[in-house]
Each structure stands twice: as C-alpha cells, then as structure tokens.
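Chemist: Take a look at the following structure, please.
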Amino acid sequence: MGNQTSSSAGPTPASSRYQSSTIPDSFFATTSTSSTSEKPPPYDTARHSSIKHADVSKSTWTRIVFTSSDQKYFSLARKDVEAHTGALIPEGRDLRGVTLPETSTTLSTLFEFIGAQKHPKLLNENFESLAEIARAAEKYKVYSAMNTCCERMRAFGDHHPKLVLLYAAYNDYPHIFDECAPRVVTSEKLEEFVPLLPDEFRLPWLRYHAIWSSALTEIISYKDIPADAWTKTCLWFGCWTECGGPIFHGLGAGVHSLNDISHIFTNLVESHTKKCESCKTLCTKWEAHASSVVEKIGVFTETCMTLDPLTKAKK
Ligand SMILES: [Zn+2]
C-alpha cells in the first residue's frame with residue numbers, strides 16, 4: 001500500500017510513507033456556515049443601512065460583494081450566487097456585502113465555479129490549497145465545485161489518507177472513505193484518531209480496527225511454517241536472525257505492520273532470502289497468505305456500518 005522505498009534496517013513506520021501537511025486534523029470537522037458574517041463593504045455603509053429591515057422576500061441588490069479575510073472584494077451577480085450555491089448568502093437576510101473567513105486565493109478559485117462559464121479542473125492545486133477550496137465548496141454548497149473537489153481530493157488519498165478520509169467522513173463521500181480506510185487504520189494511532197471522526201463513525205471504526213487485529217492474529221499464526229524453519233540446524237545460516245526474527249519483529253508493530261505487507265515479507269528479509277531457498281519459499285507463501293487475509297477484511301462501509309448502533313437494525 002505504501003509507495004516509499006522500504007529500508008531493510010527494520011520496520012518502517014507506516015505514517016512515514018505518507019506526506020505531512022500543514023492542514024490541522026480538525027480542519028474538516030469545523031465546517032460550518034456560522035462563520036459567515038454579515039458585514040457590508042466599507043463603501044456601502046449608507047445603502048446597506050437603508051435595507052437593514054428590507055423585505056427579504058425580494059432581492060434588493062443585483063450584485064453581492066464578498067470580502068475575503070485579507071480584505072479583497074469580489075462582486076458576484078446575485079442571480080448566479082442564488083443559482084449555483086446553497087449557503088453563501090446568510091439565510092433570511094437581503095445583504096449587499098458579506099465577509100467570509102477564507103482568503104482571497106481560496107475565494108477567487110471557488111467563485112470561478114459560480115456563473116455560466118467554464119469551471120476550473122483544479123489539476124495543479126497543491127493539497128493544502130485544494131483542501132481549503134474543498135472545505136469552502138462544501139460549507140457554502142457551491143454545487144458545481146463540490147464534484148470537482150471531491151475527485152481531486154480522492155486523488156490525494158495515497159499521500160494524505162487521514163485528511164482525505166476525514167474530508168469524506170464529514171461531507172458524505174463513502175467511496176472515498178472506503179478507499180482511505182485501510183491506509184488510515186494501519187497508520188494512525190487508534191486512540192488519537194477515533195476522536196477526530198464524526199460521532200456516528202466512532203463505534204464502526206472500533207469494529208473495523210478489531211477486524212484488522214483479528215487479521216493480524218491470523219497472519220501471525222500462519223500454520224504452514226515448517227517445523228524446522230528456525231531450529232538449530234539452520235542457525236549457522238541465519239534463518240532466524242535474518243528471516244524469522246525480523247518478520248516477527250515487524251509484525252510486532254501490530255495492525256500498523258499490515259500497512260505494507262511486502263515490506264515485512266520481502267524487503268525486510270531480502271538479503272537472506274536471496275541466499276536461502278527454503279526461507280524464500282516460506283516467505284513467498286506467507287506473504288500470499290497475509291495478502292489473502294487482508295483482502296478478506298472487506299470494505300468499511302459494508303462491513304462496519306451495516307448495524308445502526310442505536311437500533312441494532314440493518315440500515
Ligand atoms: Zn533461511
């Protein structure tokens with residue numbers, strides 16, 4: 001699953017195979033429209049005060065000015081905003097100016113999705129920028145941006161599985177959650193990760209982790225290890241110190257050891273299996289067994305979300 005060249009010096013922490021990010025873990029959990037503030041642009045004070053108690057059933061303004069956190073202004077046609085977004089204008093108020101907490105960089109890209117024009121594909125955005133745009137798209141329900149952001153976020157699942165999974169969890173993209181779940185369960189500390197999830201995912205995630213733990217037990221207790229695999233007769237050849245020992249040491253990392261099975265059964269023991277045919281045969285079969293056990297774990301939403309924790313009834 002990992003894509004970094006593994007070292008043969010010892011088990012590689014799974015998380016080191018993924019990229020770090022300046023995006024905080026709580027980034028997608030804080031999505032809320034409550035941060036939208038109703039503040040007119042400075043040059044609009046007089047006119048704004050005149051509509052303070054306007055009849056909100058009909059729009060007074062044909063354009064709305066949005067102010068970014070870095071004090072840049074964006075003027076958009078009200079009809080476009082109303083047609084393409086679901087939560088960009090504070091509900092029930094007829095305003096000409098709205099101040100948003102996002103930067104002008106994020107808003108300028110987001111607003112390219114509003115209106116009858118070609119929309120950006122976001123192919124060149126780095127992860128941090130994309131995450132900002134994706135969160136804003138969900139928060140303000142910029143419908144045409146949501147699908148593009150979703151697909152681009154999905155493409156970052158190999159490098160930023162935890163954040164992409166949390167984005168999927170908070171914005172209802174189960175297929176992306178399922179894709180990232182194996183990488184996350186085998187790289188994040190359970191006790192630190194569970195609190196980051198939405199409430200309804202916490203118990204299912206504990207179930208999911210338990211399934212991976214059972215899989216690890218099945219792999220460790222592989223029955224087809226020859227009785228004499230690591231006995232005294234092969235000690236001179238290093239079969240235990242260079243093969244059996246490193247494998248069990250690697251599996252000792254717990255569920256995280258299953259992040260990259262080939263690292264355990266191939267990379268860690270490569271120097272030995274190149275010269276020992278019996279260990280090479282054993283490791284090849286053991287790795288195939290381990291892979292089949294992991295494949296049987298199944299998809300998170302199908303395996304762990306089928307029981308409603310409150311009703312215990314099938315959804
Ligand atoms: Zn050997």
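By order of appearance in the structure tokens: chains A, B, ..., then residues from 1 within every chain, and ligands from 1 in the order shown.
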Enumerate as a JSON list (two decimals) with C-alpha atoms, in the first residue's frame the residues within 12 Å of ligand 1, counting only C-alpha atoms and all ligand atoms.
Modeler:
[["chain", "number", "residue", "atom", "x", "y", "z"],
["A", 226, "PRO", "CA", 7.82, -25.84, 8.55],
["A", 228, "ASP", "CA", 12.36, -26.97, 11.35],
["A", 229, "ALA", "CA", 12.24, -23.49, 9.81],
["A", 230, "TRP", "CA", 14.18, -21.80, 12.57],
["A", 231, "THR", "CA", 15.71, -24.68, 14.51],
["A", 232, "LYS", "CA", 19.35, -25.08, 15.46],
["A", 233, "THR", "CA", 20.17, -26.86, 12.21],
["A", 234, "CYS", "CA", 19.76, -23.66, 10.26],
["A", 235, "LEU", "CA", 21.17, -21.28, 12.83],
["A", 236, "TRP", "CA", 24.52, -21.12, 11.07],
["A", 237, "PHE", "CA", 22.67, -19.95, 8.00],
["A", 238, "GLY", "CA", 20.94, -17.08, 9.85],
["A", 239, "CYS", "CA", 17.39, -18.26, 9.14],
["A", 240, "TRP", "CA", 16.09, -16.99, 12.46],
["A", 241, "THR", "CA", 18.24, -13.90, 12.91],
["A", 242, "GLU", "CA", 17.86, -12.76, 9.31],
["A", 243, "CYS", "CA", 14.38, -14.02, 8.46],
["A", 244, "GLY", "CA", 12.09, -15.33, 11.22],
["A", 245, "GLY", "CA", 13.23, -12.79, 13.77],
["A", 246, "PRO", "CA", 12.82, -9.68, 11.59],
["A", 269, "VAL", "CA", 14.35, -10.36, 4.62],
["A", 270, "GLU", "CA", 15.63, -9.81, 1.12],
["A", 271, "SER", "CA", 19.31, -10.16, 1.97],
["A", 272, "HIS", "CA", 18.60, -13.58, 3.46],
["A", 273, "THR", "CA", 16.07, -14.99, 1.00],
["A", 274, "LYS", "CA", 18.49, -14.28, -1.83],
["A", 275, "LYS", "CA", 20.76, -16.98, -0.46],
["A", 276, "CYS", "CA", 18.28, -19.29, 1.33],
["A", 277, "GLU", "CA", 15.81, -21.08, -0.89],
["A", 278, "SER", "CA", 13.73, -22.61, 1.92],
["A", 279, "CYS", "CA", 13.18, -19.22, 3.58],
["A", 280, "LYS", "CA", 12.39, -17.67, 0.21],
["A", 281, "THR", "CA", 9.68, -20.29, -0.37],
["A", 282, "LEU", "CA", 8.31, -19.82, 3.13],
["A", 283, "CYS", "CA", 8.20, -16.02, 2.86]]
Chemist: Enumerate, as a PyMOL selection string, the complete set of residues in segment 83-201 of chain A that a backbone-based DSSP assignment places in alpha helix (DSSP H).
Modeler: chain A and resi 83-84+104-111+127-139+143-155+161-171+174-185+190-193+199-201
Chemist: With distances taken over only C-alpha atoms, which residue among A:Ile264, A:Leu197, A:Val184, A:Ala210 lies nearest Asn171 of chain A?
Modeler: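 Smallest separation from Asn171 of chain A among the options: A:Leu197.
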Chemist: Can you pull out every residue within 12 Å of segment 114-121 of chain A, counting only C-alpha atoms, but drop anything in the same chain fewer than 5 positions away, and send it as a ChimeraX atom specification?
Modeler: /A:74-86,88,107-109,130,133,137,140-153
Chemist: Could you check the closest approach to Leu110 of chain A for each of A:Ala131, A:Val299, A:Leu95, A:Val194 and tell me which residue wins, using only C-alpha atoms?
Modeler: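 Among A:Ala131, A:Val299, A:Leu95, A:Val194, it is A:Ala131 that comes nearest to Leu110 of chain A.
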Chemist: Counting only C-alpha atoms, which residue out of A:Thr301, A:Ser291, A:Thr103, A:Thr266 sits closest to Glu200 of chain A?
Modeler: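 Of A:Thr301, A:Ser291, A:Thr103, A:Thr266, the one nearest Glu200 of chain A is A:Thr301, counting only C-alpha atoms.
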